[in-house]
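Participant: My structure is in run.cif, and what it holds is mmCIF, C-alpha atoms and all ligand atoms:
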```
data_structure
#
loop_
_atom_site.label_atom_id
_atom_site.label_comp_id
_atom_site.auth_asym_id
_atom_site.auth_seq_id
_atom_site.Cartn_x
_atom_site.Cartn_y
_atom_site.Cartn_z
CA MET Q 1 81.27 102.10 -0.71
CA GLN Q 2 79.43 98.91 0.24
CA PRO Q 3 81.48 96.54 2.40
CA GLU Q 4 81.25 93.10 0.77
CA PRO Q 5 80.18 90.26 3.05
CA GLY Q 6 83.19 88.48 4.42
CA ARG Q 7 85.36 91.51 3.89
CA VAL Q 8 86.42 93.95 6.63
CA LEU Q 9 86.68 97.67 6.04
CA LEU Q 10 89.15 99.43 8.35
CA VAL Q 11 87.60 102.89 8.41
CA GLY Q 12 88.64 106.29 9.76
CA ALA Q 13 85.74 108.15 11.36
CA GLY Q 14 87.65 111.45 11.56
CA PRO Q 15 88.00 113.53 14.73
CA GLY Q 16 84.33 113.63 15.77
CA PRO Q 17 81.59 115.35 13.77
CA ALA Q 18 80.00 113.27 11.01
CA ASP Q 19 80.64 115.97 8.42
CA LEU Q 20 84.39 115.44 8.85
CA MET Q 21 84.08 111.84 7.60
CA THR Q 22 84.91 111.02 4.01
CA VAL Q 23 81.97 110.10 1.77
CA ARG Q 24 83.50 106.63 1.45
CA ALA Q 25 83.55 106.21 5.23
CA LEU Q 26 79.95 107.42 5.44
CA ARG Q 27 78.82 104.87 2.84
CA ALA Q 28 80.64 102.10 4.67
CA VAL Q 29 78.87 102.97 7.94
CA GLN Q 30 75.48 103.31 6.23
CA SER Q 31 75.73 99.80 4.78
CA ALA Q 32 77.43 97.98 7.66
CA GLY Q 33 76.11 94.76 9.14
CA ALA Q 34 78.43 95.03 12.14
CA ILE Q 35 80.50 97.93 13.47
CA LEU Q 36 83.31 97.53 15.97
CA TYR Q 37 84.11 101.04 17.14
CA ASP Q 38 86.71 102.74 19.29
CA ALA Q 39 85.96 105.04 22.21
CA LEU Q 40 86.82 108.20 20.25
CA VAL Q 41 84.09 107.57 17.64
CA ASP Q 42 81.24 110.05 18.11
CA PRO Q 43 77.74 108.60 18.79
CA GLU Q 44 76.46 110.90 16.01
CA ILE Q 45 78.36 108.69 13.54
CA LEU Q 46 77.06 105.43 14.96
CA ASP Q 47 73.51 106.78 14.51
CA LEU Q 48 74.14 106.69 10.74
CA ALA Q 49 74.34 102.87 10.73
CA PRO Q 50 71.31 100.84 9.61
CA ALA Q 51 68.79 99.90 12.31
CA GLY Q 52 69.74 96.22 12.39
CA CYS Q 53 73.49 96.83 12.48
CA LEU Q 54 75.37 95.17 15.33
CA ARG Q 55 77.32 97.83 17.25
CA LEU Q 56 80.19 96.71 19.46
CA GLN Q 57 82.33 99.13 21.43
CA THR Q 58 85.94 98.07 21.70
CA GLY Q 59 87.55 101.06 23.47
CA LYS Q 60 87.34 102.41 26.99
CA ARG Q 61 84.60 104.86 27.85
CA ALA Q 62 83.01 105.82 31.18
CA GLY Q 63 85.22 103.57 33.26
CA ARG Q 64 84.76 100.44 31.15
CA THR Q 65 87.88 98.56 30.12
CA SER Q 66 89.05 98.15 26.54
CA MET Q 67 88.74 94.88 24.69
CA LYS Q 68 92.08 93.13 24.17
CA GLN Q 69 93.45 93.41 20.64
CA ASP Q 70 93.30 89.65 20.28
CA THR Q 71 89.59 89.63 21.20
CA ILE Q 72 88.88 92.38 18.66
CA ASN Q 73 90.73 90.44 15.96
CA ARG Q 74 88.82 87.25 16.65
CA LEU Q 75 85.48 89.10 16.75
CA MET Q 76 86.10 90.72 13.37
CA LEU Q 77 87.03 87.36 11.94
CA ARG Q 78 83.96 85.60 13.34
CA LEU Q 79 81.57 88.31 12.10
CA ALA Q 80 83.16 88.37 8.62
CA ARG Q 81 82.94 84.58 8.39
CA ARG Q 82 79.26 84.79 9.31
CA GLY Q 83 78.86 86.82 6.12
CA LEU Q 84 78.28 90.19 7.79
CA LYS Q 85 79.52 93.42 6.25
CA VAL Q 86 82.05 94.36 8.92
CA VAL Q 87 83.28 97.89 9.55
CA ARG Q 88 86.11 98.45 12.01
CA LEU Q 89 85.65 102.11 12.88
CA LYS Q 90 88.42 104.18 14.43
CA GLY Q 91 88.78 107.83 15.44
CA GLY Q 92 90.78 110.01 13.06
CA ASP Q 93 92.80 108.17 10.45
CA PRO Q 94 93.15 104.42 11.04
CA SER Q 95 96.76 104.48 9.81
CA VAL Q 96 97.84 107.02 12.46
CA PHE Q 97 98.33 105.21 15.77
CA GLY Q 98 95.29 103.12 14.92
CA ARG Q 99 96.81 99.62 14.88
CA VAL Q 100 95.46 99.21 11.39
CA GLY Q 101 98.55 97.33 10.24
CA GLU Q 102 98.15 94.70 12.98
CA GLU Q 103 94.46 94.18 12.24
CA GLN Q 104 95.00 94.04 8.50
CA ALA Q 105 97.85 91.50 8.87
CA PHE Q 106 95.74 89.29 11.15
CA LEU Q 107 92.70 89.28 8.85
CA GLU Q 108 94.65 88.78 5.64
CA ALA Q 109 96.52 85.85 7.25
CA GLN Q 110 93.11 84.28 7.96
CA GLY Q 111 92.09 84.74 4.33
CA VAL Q 112 89.77 87.71 4.96
CA ALA Q 113 90.15 90.61 2.52
CA THR Q 114 90.48 94.10 3.99
CA GLU Q 115 90.36 97.64 2.74
CA ILE Q 116 91.49 100.81 4.49
CA VAL Q 117 89.34 103.94 4.29
CA PRO Q 118 91.30 107.01 5.39
CA GLY Q 119 90.08 109.67 7.80
CA VAL Q 120 90.94 113.18 8.96
CA THR Q 121 93.60 112.82 11.63
CA ALA Q 122 93.59 114.92 14.81
CA ALA Q 123 96.51 117.16 13.77
CA SER Q 124 94.84 118.07 10.46
CA ALA Q 125 91.57 118.76 12.24
CA ALA Q 126 93.33 121.01 14.78
CA ALA Q 127 95.18 122.97 12.09
CA ALA Q 128 92.05 123.50 10.00
CA GLN Q 129 89.91 124.49 12.95
CA PHE Q 130 92.37 127.09 14.23
CA GLY Q 131 93.41 128.33 10.82
CA PHE Q 132 97.08 127.44 10.49
CA PRO Q 133 99.03 125.19 8.11
CA LEU Q 134 101.08 122.18 9.18
CA THR Q 135 103.72 122.90 6.56
CA HIS Q 136 104.58 126.34 5.22
CA ARG Q 137 107.05 127.37 2.57
CA GLY Q 138 110.22 128.76 4.17
CA GLU Q 139 108.98 127.98 7.67
CA ALA Q 140 108.03 124.32 8.07
CA ARG Q 141 109.28 121.85 5.52
CA ARG Q 142 108.58 118.69 7.47
CA LEU Q 143 105.61 117.30 9.38
CA LEU Q 144 106.60 114.76 12.00
CA VAL Q 145 103.71 112.71 13.35
CA ALA Q 146 104.92 111.12 16.55
CA THR Q 147 104.18 109.82 19.98
CA ALA Q 148 106.65 110.38 22.79
CA THR Q 149 106.82 106.94 24.28
CA VAL Q 150 107.51 103.42 23.16
CA GLY Q 151 106.53 100.14 24.80
CA GLU Q 152 105.71 100.54 28.48
CA GLY Q 153 105.92 104.32 28.54
CA ALA Q 154 109.67 104.75 28.10
CA LEU Q 155 110.69 107.89 26.23
CA ALA Q 156 111.60 107.03 22.64
CA GLU Q 157 115.34 107.27 21.99
CA SER Q 158 115.36 108.00 18.28
CA GLY Q 159 114.06 110.83 16.14
CA TRP Q 160 114.96 113.80 18.34
CA THR Q 161 117.28 115.46 15.82
CA ALA Q 162 114.49 115.73 13.26
CA ALA Q 163 112.00 116.82 15.94
CA ALA Q 164 114.37 119.57 17.10
CA ASP Q 165 114.87 120.99 13.59
CA PRO Q 166 113.34 124.52 13.64
CA GLU Q 167 111.67 123.75 10.30
CA THR Q 168 109.87 120.68 11.63
CA THR Q 169 106.25 120.80 12.70
CA LEU Q 170 105.89 118.15 15.38
CA ALA Q 171 102.41 116.66 15.87
CA LEU Q 172 102.48 114.78 19.13
CA TYR Q 173 99.81 112.17 19.83
CA MET Q 174 99.14 110.52 23.20
CA GLY Q 175 101.81 112.78 24.69
CA ARG Q 176 99.89 114.75 27.31
CA ASP Q 177 101.67 113.18 30.29
CA GLN Q 178 105.14 113.45 28.77
CA LEU Q 179 105.12 117.11 27.71
CA GLY Q 180 107.68 118.15 30.34
CA VAL Q 181 110.27 115.57 29.32
CA VAL Q 182 109.55 116.05 25.62
CA ALA Q 183 110.04 119.83 25.83
CA THR Q 184 113.22 119.45 27.89
CA ARG Q 185 114.64 116.98 25.38
CA LEU Q 186 113.73 119.15 22.38
CA ILE Q 187 115.36 122.19 23.99
CA ALA Q 188 118.46 120.11 24.85
CA GLU Q 189 118.62 119.04 21.19
CA GLY Q 190 118.64 122.70 20.12
CA ARG Q 191 115.04 123.71 19.57
CA PRO Q 192 114.56 127.23 21.00
CA ALA Q 193 112.54 127.33 24.25
CA SER Q 194 110.55 130.17 22.68
CA THR Q 195 109.20 127.88 19.89
CA PRO Q 196 105.42 128.32 19.76
CA ALA Q 197 103.16 125.34 20.37
CA LEU Q 198 99.45 124.70 20.41
CA ALA Q 199 97.77 121.89 22.30
CA VAL Q 200 94.22 121.23 21.14
CA GLU Q 201 91.70 119.31 23.18
CA ASN Q 202 88.81 117.75 21.22
CA ALA Q 203 90.16 118.95 17.87
CA GLY Q 204 87.55 119.14 15.12
CA ARG Q 205 84.65 119.11 17.57
CA PRO Q 206 82.41 122.03 18.53
CA ASP Q 207 83.86 122.00 22.06
CA ALA Q 208 87.49 122.12 20.86
CA ARG Q 209 89.81 123.99 23.19
CA PRO Q 210 93.12 125.49 22.05
CA ILE Q 211 95.90 125.86 24.62
CA PRO Q 212 98.62 128.15 23.24
CA ALA Q 213 102.08 127.86 24.74
CA THR Q 214 105.79 127.86 24.04
CA LEU Q 215 108.11 124.90 24.47
CA ALA Q 216 109.26 126.47 27.75
CA ASN Q 217 105.82 126.45 29.37
CA LEU Q 218 103.97 123.78 27.37
CA ALA Q 219 103.68 121.23 30.17
CA ASP Q 220 102.51 123.85 32.70
CA MET Q 221 99.97 125.38 30.31
CA VAL Q 222 98.41 122.01 29.46
CA SER Q 223 98.44 120.84 33.05
CA ALA Q 224 96.75 124.10 34.18
CA ALA Q 225 94.06 123.67 31.51
CA ALA Q 226 93.31 120.16 32.89
CA PRO Q 227 91.88 118.76 29.65
CA ARG Q 228 89.44 115.87 29.92
CA GLY Q 229 89.17 115.04 26.22
CA PRO Q 230 91.86 113.80 23.81
CA VAL Q 231 94.72 116.24 23.22
CA VAL Q 232 97.00 116.62 20.22
CA VAL Q 233 100.02 118.89 20.60
CA ILE Q 234 101.51 120.75 17.66
CA VAL Q 235 104.97 122.25 18.13
CA GLY Q 236 106.46 124.62 15.56
CA GLU Q 237 106.53 128.10 14.07
CA VAL Q 238 103.33 127.46 12.10
CA THR Q 239 101.31 127.48 15.32
CA ALA Q 240 102.05 131.19 15.72
CA ARG Q 241 99.65 131.61 12.79
CA ALA Q 242 96.79 130.00 14.71
CA ALA Q 243 93.71 132.13 15.21
CA VAL Q 244 93.60 131.75 18.95
CA ALA Q 245 92.66 134.44 21.40
CA ILE Q 246 94.96 134.22 24.42
CA GLN Q 247 92.93 134.55 27.62
CA PRO Q 248 94.18 137.01 30.31
CA GLN Q 249 94.98 134.16 32.72
CA GLN Q 250 97.01 132.43 29.99
CA GLU Q 251 98.94 135.66 29.36
CA ALA Q 252 99.77 135.86 33.06
CA ARG Q 253 101.05 132.25 33.00
CA GLN Q 254 103.10 132.91 29.87
CA ALA Q 255 104.82 135.95 31.37
C1 LIG Q 301 95.24 106.04 19.64
S1 LIG Q 301 95.56 107.65 19.02
C2 LIG Q 301 94.46 107.67 17.65
C3 LIG Q 301 94.75 108.76 16.66
C4 LIG Q 301 93.74 108.80 15.53
N1 LIG Q 301 93.85 107.60 14.73
C5 LIG Q 301 93.91 110.02 14.63
O1 LIG Q 301 94.29 109.87 13.47
O2 LIG Q 301 93.62 111.13 15.08
C6 LIG Q 301 94.70 108.63 20.24
C7 LIG Q 301 95.35 110.00 20.38
O3 LIG Q 301 95.05 110.77 19.23
C8 LIG Q 301 94.86 112.13 19.59
N2 LIG Q 301 93.47 112.49 19.25
C9 LIG Q 301 92.56 111.71 18.68
N3 LIG Q 301 91.42 112.40 18.44
C10 LIG Q 301 91.63 113.65 18.87
C11 LIG Q 301 90.86 114.83 18.90
N4 LIG Q 301 89.61 114.89 18.41
N5 LIG Q 301 91.42 115.95 19.42
C12 LIG Q 301 92.68 115.94 19.89
N6 LIG Q 301 93.46 114.86 19.90
C13 LIG Q 301 92.95 113.72 19.38
C14 LIG Q 301 95.16 112.23 21.08
O4 LIG Q 301 96.55 112.51 21.22
C15 LIG Q 301 94.85 110.82 21.55
O5 LIG Q 301 95.54 110.52 22.73
#
```
Any chance you could give the structure as structure tokens?

Facilitator:
Amino acid sequence: MQPEPGRVLLVGAGPGPADLMTVRALRAVQSAGAILYDALVDPEILDLAPAGCLRLQTGKRAGRTSMKQDTINRLMLRLARRGLKVVRLKGGDPSVFGRVGEEQAFLEAQGVATEIVPGVTAASAAAAQFGFPLTHRGEARRLLVATATVGEGALAESGWTAAADPETTLALYMGRDQLGVVATRLIAEGRPASTPALAVENAGRPDARPIPATLANLADMVSAAAPRGPVVVIVGEVTARAAVAIQPQQEARQA
């Protein structure tokens, strides 16, 4: 797909490697005049842009601060009005915790057409890489994509009944620092403490690291693994199907 001048494509780059992008996303990058990209977008993908393409990083990396959302919005608008083919590139799927709705609403209100190009989200990448399904007949009839907090880090108050249903697979984004309170709340709502879970650091990438756990020890297992990359946490029976070798030190911690 060729982004038309004056139009902004809101594109999912997938979880990392370029071969996990859609062909449509690849074409958008290859024909972009300007790319505004988030911190989780792999440099390998940016290398696919044309030589003269303007590349602007909008997310934090190596201690730099993120651009404010308002600044990003105004930049996209200015570049589109200059007639550039603008690609707003985000890690994973732009519609999953990617603020795509806010950016689309802003641009459309300014008379700039947008189009969303989907991407492989972190939970899908984790499941595929470690060989387990997110839903499974008779075992997991619901996939709940969630983050634990709302606003300024307060624990969300709604949705716990569905999350505690034994047939729900919970995919938790941006939840690494709340795993203790999330697990406690799920157990209080009736989810067995023995429910298997899998945290995956750098899902979809060659350096992906699976951290198997149960609800009872999830927070301790992830904290002991001290991940440095992004982490998605999947809670539910389906994770028992993951092809993950448990290391001896993990077995000791699980005992
Ligand atoms: C702002 S959200 C963006 C999610 C992204 N739009 C997606 O669909 O994957 C950032 C969070 O997504 C998760 N995440 C994104 N990429 C990941 C990856 N490659 N491996 C594990 N978790 C990832 C982490 O929970 C991270 O804190």

Participant: By how many Å are atom CA of Ala113 of chain Q and atom CA of Arg7 of chain Q apart?

Facilitator: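 So the answer is 5.1 Å.
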
Participant: Smallest atom-to-atom distance to Gly159 of chain Q: which of Q:Ile211, Q:Thr147, Q:Thr121, Q:Val235, using only C-alpha atoms?

Facilitator: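 Closest to Gly159 of chain Q of all the choices is Q:Thr147.
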
Participant: Pick out the residues no farther than 6 Å from ligand LIG 301 (chain Q), counting only C-alpha atoms and all ligand atoms, and list them as a PyMOL selection string.

Facilitator: chain Q and resi 15+91-94+96-98+121-122+173-174+200-204+230-232

Participant: Kindly save the residues from that selection, with C-alpha atoms included, as a PDB file, in the coordinates of the input.

Facilitator:
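As a result, result26.pdb now contains:
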```pdb
ATOM      1  CA  PRO Q  15      88.000 113.530  14.730  1.00  0.00           C
ATOM      2  CA  GLY Q  91      88.780 107.830  15.440  1.00  0.00           C
ATOM      3  CA  GLY Q  92      90.780 110.010  13.060  1.00  0.00           C
ATOM      4  CA  ASP Q  93      92.800 108.170  10.450  1.00  0.00           C
ATOM      5  CA  PRO Q  94      93.150 104.420  11.040  1.00  0.00           C
ATOM      6  CA  VAL Q  96      97.840 107.020  12.460  1.00  0.00           C
ATOM      7  CA  PHE Q  97      98.330 105.210  15.770  1.00  0.00           C
ATOM      8  CA  GLY Q  98      95.290 103.120  14.920  1.00  0.00           C
ATOM      9  CA  THR Q 121      93.600 112.820  11.630  1.00  0.00           C
ATOM     10  CA  ALA Q 122      93.590 114.920  14.810  1.00  0.00           C
ATOM     11  CA  TYR Q 173      99.810 112.170  19.830  1.00  0.00           C
ATOM     12  CA  MET Q 174      99.140 110.520  23.200  1.00  0.00           C
ATOM     13  CA  VAL Q 200      94.220 121.230  21.140  1.00  0.00           C
ATOM     14  CA  GLU Q 201      91.700 119.310  23.180  1.00  0.00           C
ATOM     15  CA  ASN Q 202      88.810 117.750  21.220  1.00  0.00           C
ATOM     16  CA  ALA Q 203      90.160 118.950  17.870  1.00  0.00           C
ATOM     17  CA  GLY Q 204      87.550 119.140  15.120  1.00  0.00           C
ATOM     18  CA  PRO Q 230      91.860 113.800  23.810  1.00  0.00           C
ATOM     19  CA  VAL Q 231      94.720 116.240  23.220  1.00  0.00           C
ATOM     20  CA  VAL Q 232      97.000 116.620  20.220  1.00  0.00           C
TER      21      VAL Q 232
END
```

Participant: Restricting the calculation to only C-alpha atoms: of Q:Gly14, Q:Gly83, Q:Gly111, Q:Gly236, which residue gets closest to His136 of chain Q?

Facilitator: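 The shortest atom-to-atom distance to His136 of chain Q comes from Q:Gly236.
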
Participant: Rank nothing, just name the residue among Q:Val23, Q:Lys85, Q:Leu10, Q:Met67 nearest to Pro50 of chain Q, using only C-alpha atoms.

Facilitator: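 Residue with the minimum atom-to-atom distance to Pro50 of chain Q: Q:Lys85.
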
Participant: Could you give me, as JSON, numbers by chain, the residues that have an atom at most 8 Å away from the point (100.7, 128.3, 24.7) in the coordinates of the file, using all atoms listed in the file?

Facilitator: {"Q": [196, 197, 198, 199, 211, 212, 213, 214, 217, 218, 221, 250, 254]}

Participant: From the set Q:Ala140, Q:Val117, Q:Ala109, Q:Leu46, which residue has the shortest atom-to-atom contact distance to Leu77 of chain Q, counting only C-alpha atoms?

Facilitator: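 Ranking Q:Ala140, Q:Val117, Q:Ala109, Q:Leu46 by distance to Leu77 of chain Q, first place goes to Q:Ala109.
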
Participant: Please report the interatomic distance between atom CA of Asp165 of chain Q and atom CA of Ala243 of chain Q in Å with one decimal.

Facilitator: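 Atom CA of Asp165 of chain Q sits 24.0 Å away from atom CA of Ala243 of chain Q.
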
Participant: Which residue gives the smallest distance to Pro118 of chain Q among Q:Ile234, Q:Leu179, Q:Leu20, Q:Val222, with only C-alpha atoms counted?

Facilitator: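 For Pro118 of chain Q, the nearest of the candidates is Q:Leu20.
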
Participant: Which residue out of Q:Val244, Q:Ala34, Q:Ala193, Q:Leu134 has the minimum interatomic distance to Gly52 of chain Q when only C-alpha atoms are used?

Facilitator: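 Using only C-alpha atoms, the shortest distance to Gly52 of chain Q belongs to Q:Ala34.
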
Participant: So how far away is atom CA of Ser158 of chain Q from atom CA of Arg185 of chain Q, in Å?

Facilitator: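 Distance between the two atoms: 11.5 Å.
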
Participant: Can you pull out the residues contacting Gly59 of chain Q? Cut-off 6 Å, using all atoms listed in the file, and skip same-chain residues under 3 positions away; I want them as an MDAnalysis selection string.

Facilitator: chainID Q and resid 38:39 66
